[in-house]
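Worksheet: the structure to be examined is printed underneath.
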Amino acid sequence: MSRPRHQGWDDVYDAVVVGGGPHATYALERLAWAAETLAPPRGLRIAVVDRDGAFGCGAVHAWDQAPTSYLNRAAGDVALGLGSGPMPDFHAWQEREVAAGRLDAALGRGDTPERALHGRALAAAFASHAARLEQAGGGEVARVPGEAVAIAPAGEGPDAPLVVTVEGRSPVRLATRAALLATGHDRIAPDETESAYAAFAQARAGLAYVHDPYPLAALDDAFEPAGATVALLGLGLSAIDVVLHLTEGRGGGFERDASGRLRYRAGGREPRRIVGVSPSGRPVLARARDVRAARGAPPHEAYALSIDAVARLRARRGRWTTLPGRGETAQLDFDRDVLPLVLAEMACVHHAAAAPDAVGSALRASLPTVLARYLDAPAASAGEASAALLAAVDEAARAGGSTRRLDGLALMEGALPPGDGDWAARTRAAIADDLARARVGNLDDPLKAAIDAAWRELRPALAAALDFGGLTAASQERFGRVRLRAYNRLSNGSAVEPMEKLLAVAEAGILDLSAGPGARVELDPERGRFAVIGPRTGCRVAADVVIGARVRRFDPRRSRAPLYRALLDRGLVTQWENPGADGEPGYRPGAIAIDPRHHALDARGRPDPRLTLVGSPVDGVRYFQESLARPGASGGVAGVLGAWAQAVVGRAGGGAGGLTGG
């Protein structure tokens, strides 16, 4: 039902979703489910706004992107919705496409999909969920191409509708009482150092600085890759995308030698050298083959790292403070309180992989007593208690027959195994060893089992410690700067296939890993080039091109998109801050402040149920949000979207969006 422009809007919807990527697809599926469950009056109207017009997948998972980019999970571990509707998962979609003759063959459940193929599946799921919602709700799902640049109330009071201003070919203003912001990773402007790189390159012929490598095809316009020396800032998932695009995507290829090892065959148009620059000096580890899922094994049962253990620590050692959106909270210190549980969990799983029955039984029999002593120890003796806990794990494991001790802290800090050769050679050897472990899988390889259990299976316990200011300000800042990097490197890496290609490119001498830990890029005006400096390895390499390949932390004030700055300026949202205590400074991770239902907190700290946020803009308030859904997902963002959809459908009925009047 349309409304005249002089009222301040062009059309009215029960909900407006800003951002057309995976979260929008999941939101439509939850709305369809809610409409079928609650049977609202006919006429439910939903609008989805996307800057790139890539409805269902968004730009990151676009169906027309480079085929060299992969997901970092297996085909059988990707859902296309949060329920069991007609299009539940990626694997079922593939089988349907093969049957219809639109796809030659389906990947196995353990295979790694190209991101473009996943984008096709998401777009199909979006269309399917939209049709299902239109049938159940008797209304429409409008696709609105353009960028949402502002959201403002259309009147006074908390019940006034919000008007979403969309700029595009046909600018529109959409009124709603339920705006879901699912905007994904934002475009963040360069900081002082990055701006210096850009200015240096702009003033000199033959140099280039690429702040954001996506879309990857734009790299070919930014500089001529053939023969260039590239400094690559980052060695995570984005860096892998860049390396494969600049090699395989520039005409290179891969083939297996007689031993079965993958080798890179140069195409002649790739860079001469790509120098990796990162704090750890080594790429992320490969994601292990999901043997647990393939065998139908039950979820991992915690030895030490549980939600109950975190709650007990909070009650015993927590320091009380008042937090936005949460109220009085007893905060923990991650390194002092929670990290020992992580290390104990990793050690238990690593030991138990040797002989699951004997060692696992010995650990479960003896560990509860010493764990209880650790959890009840006061803060002043936490160090002694944690040492006793880890010693007890090793002692119980020896009683069960295992002597496999794991130095979890060294693993987290990125230490390479002892060995001969320079850093680059040792790193390549470590990648090869890690790939072999990843192929064995997350149950049978002790190291991969330990990582998968502590950092993936038990993320709800970690979230219980971290979310909504669960740590002190100082501890949260250190976690984001140090421990979160370790989490990403250990357990959030790429799948085996792209990692095997990355190793082949490194062994061919194109990917240069010699810079080592703590490397940096400096300006060298005398030579008129960039310089990669490796302080621990003595590396110094002149470079023509610098590419930023890191996911930057959300920061609404540095965003190149105007939406969040406009929301801040109007006071509709505020940045979340973990206040310091006892004279300590506070910590702002950059996130927008929300309450536990993900409703935005306004400038006065009041939750606004009209405005709900998920994903990157609230990272730092909520941790470990799933950017892609897994089959059977229920908590986290899945729970938030389910509750949001029920509220939207439950409100429907008083005219579109519950708005009346002329």
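Residue numbers start at 1 in each chain; chains themselves are named A, B, ... in the order of the structure tokens; ligands are numbered from 1 in the order shown.
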Exercise for the section: Give me the residues within 6 Å of stretch 391-398 of chain A as a list in words, counting only C-alpha atoms and dropping any in the same chain fewer than 2 places off. Expected result: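 Returned residues: Val359, Ala362, Leu363, Ala388, Leu389, Gly400, Gly401, Ser402 and Thr403 of chain A.
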Same residues, C-alpha atoms, output as a PDB file, in the first residue's frame:
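Saved result, again.pdb, follows:
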```
ATOM      1  CA  VAL A 359      42.911 -41.864  27.907  1.00  0.00           C
ATOM      2  CA  ALA A 362      41.194 -41.511  32.668  1.00  0.00           C
ATOM      3  CA  LEU A 363      40.822 -37.796  32.030  1.00  0.00           C
ATOM      4  CA  ALA A 388      48.246 -27.370  38.544  1.00  0.00           C
ATOM      5  CA  LEU A 389      45.337 -27.904  36.158  1.00  0.00           C
ATOM      6  CA  GLY A 400      45.758 -43.752  30.524  1.00  0.00           C
ATOM      7  CA  GLY A 401      48.761 -44.430  28.313  1.00  0.00           C
ATOM      8  CA  SER A 402      49.414 -41.143  26.477  1.00  0.00           C
ATOM      9  CA  THR A 403      52.637 -39.155  26.534  1.00  0.00           C
TER      10      THR A 403
END
```
Exercise for the section: Once DSSP has gone over the backbone, tell me which residues of stretch 428-537 of chain A are in strand (DSSP E or B), as a list in words. Expected result: Leu471, Leu511, Asp512, Arg520, Val521, Glu522, Leu523, Asp524, Arg529, Phe530, Ala531, Val532, Ile533 and Gly534 of chain A
How would the residues just chosen look if you wrote them out with C-alpha atoms as an mmCIF file, in the first residue's frame?
```
data_model
loop_
_atom_site.group_PDB
_atom_site.id
_atom_site.type_symbol
_atom_site.label_atom_id
_atom_site.label_comp_id
_atom_site.auth_asym_id
_atom_site.auth_seq_id
_atom_site.Cartn_x
_atom_site.Cartn_y
_atom_site.Cartn_z
ATOM 1 C CA LEU A 471 36.052 -9.379 29.823
ATOM 2 C CA LEU A 511 54.976 -16.438 -2.885
ATOM 3 C CA ASP A 512 57.874 -15.266 -0.717
ATOM 4 C CA ARG A 520 56.294 -4.187 7.906
ATOM 5 C CA VAL A 521 56.201 -2.090 4.749
ATOM 6 C CA GLU A 522 58.125 1.197 4.740
ATOM 7 C CA LEU A 523 58.527 3.997 2.195
ATOM 8 C CA ASP A 524 61.904 4.246 0.492
ATOM 9 C CA ARG A 529 59.922 2.071 -4.095
ATOM 10 C CA PHE A 530 58.262 0.405 -1.139
ATOM 11 C CA ALA A 531 60.461 -1.686 1.154
ATOM 12 C CA VAL A 532 59.385 -4.855 2.981
ATOM 13 C CA ILE A 533 61.350 -5.141 6.232
ATOM 14 C CA GLY A 534 61.567 -8.370 8.232
#
```
Exercise for the section: Within 9 Å of stretch 227-237 of chain A, counting only C-alpha atoms, which residues show up once you throw out same-chain ones fewer than 3 positions away? Write them as a PyMOL selection string, please. Expected result: chain A and resi 72+223-224+240-243+268-284+488-489+492-494+520-521+530-532+541-551
Practice task
For each of A:Met87, A:Ala315, A:Ala125, A:Ala379, take the minimum atom-to-atom distance to A:Gly470, counting only C-alpha atoms, then give the residue where this is smallest.
Solution key: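 Ranking A:Met87, A:Ala315, A:Ala125, A:Ala379 by distance to A:Gly470, first place goes to A:Ala315.
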Exercise for the section: Name the closest residue to A:Gly408 among the candidates A:Ala148, A:Ala66, A:Leu343, A:Ala430; distances are taken between atoms, counting only C-alpha atoms. Expected result: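 The shortest atom-to-atom distance to A:Gly408 comes from A:Leu343.
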Closest-contact table, stretch 431-497 of chain A side, partner stretch 298-309 of chain A, 10 Å, counting only C-alpha atoms, as a Markdown table:
```
| residue | atom | partner | partner_atom | distance |
| --- | --- | --- | --- | --- |
| A:Leu443 | CA | A:His300 | CA | 9.9 |
| A:Ala449 | CA | A:His300 | CA | 9.9 |
| A:Asp452 | CA | A:His300 | CA | 9.4 |
| A:Ala453 | CA | A:His300 | CA | 6.5 |
| A:Ala454 | CA | A:Leu305 | CA | 7.4 |
| A:Arg456 | CA | A:His300 | CA | 9.9 |
| A:Glu457 | CA | A:His300 | CA | 6.5 |
| A:Leu458 | CA | A:Leu305 | CA | 7.1 |
| A:Arg459 | CA | A:Ser306 | CA | 9.3 |
| A:Pro460 | CA | A:Ile307 | CA | 7.1 |
| A:Ala461 | CA | A:Ile307 | CA | 4.5 |
| A:Leu462 | CA | A:Ile307 | CA | 7.8 |
| A:Ala463 | CA | A:Ile307 | CA | 8.7 |
| A:Ala464 | CA | A:Ile307 | CA | 6.2 |
| A:Ala465 | CA | A:Ile307 | CA | 8.0 |
```
Exercise for the section: Find the residues around A:Pro617 up to 9 Å (only C-alpha atoms counted), leave out those fewer than 4 positions away in its own chain, and share them as a list in words. Expected result: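 Listed by chain and then number, they are Leu181, Ala182, Thr183, Gly184, His185, Asp186, Arg553, Phe554, Asp555, Pro556, Gly590, Ala591, Ile592 and Leu613 of chain A.
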Handout entry: DSSP-assigned alpha helix (DSSP H) among stretch 401-610 of chain A, expressed as number ranges by chain
Key = A: 408-412, 423-440, 446-452, 459-466, 473-478, 484-491, 496-507, 563-570
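Minimum atom-to-atom distance to A:Ala495, evaluated using only C-alpha atoms, belongs to A:Ala75 out of A:Ala382, A:Ala205, A:Ala266, A:Ala75.
Counting only C-alpha atoms, the residue from A:Ala425, A:Ala208, A:Ala258, A:Leu180 that sits nearest to A:Asp608 is A:Leu180.
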Handout entry: Counting only C-alpha atoms, the residue of A:Thr112, A:Gln476, A:Ser69, A:Thr25 that sits nearest A:His129
Key =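 Among A:Thr112, A:Gln476, A:Ser69, A:Thr25, it is A:Thr25 that comes nearest to A:His129.
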Practice task
May I ask for the distance between atom CA of A:Arg261 and atom CA of A:Arg439, given in Å to one decimal place?
Solution key: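 Computing the Euclidean distance for atom CA of A:Arg261 and atom CA of A:Arg439 yields 13.7 Å.
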Handout entry: Distance in Å - atom CA of A:Pro368 versus atom CA of A:Ala344
Key =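 Rounded to one decimal, the two atoms are 12.0 Å apart.
Separating atom CA of A:Gly139 from atom CA of A:Trp644 is a distance of 18.4 Å.
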Practice task
Identify, on the basis of only C-alpha atoms, every residue whose closest approach to A:Arg292 does not exceed 7 Å; exclude the query and any residue fewer than 4 positions from it along the same chain; express the result as a PyMOL selection string.
Solution key: chain A and resi 296-297+442-443
Problem - Surrounding residues of stretch 17-24 of chain A excluding itself and chain neighbours under 3 positions, 10 Å, only C-alpha atoms, as a ChimeraX atom specification - result: /A:27-30,46-62,80-81,119,122-123,125-126,143-148,164,166,178-184,612-615,626-629,637-638,641
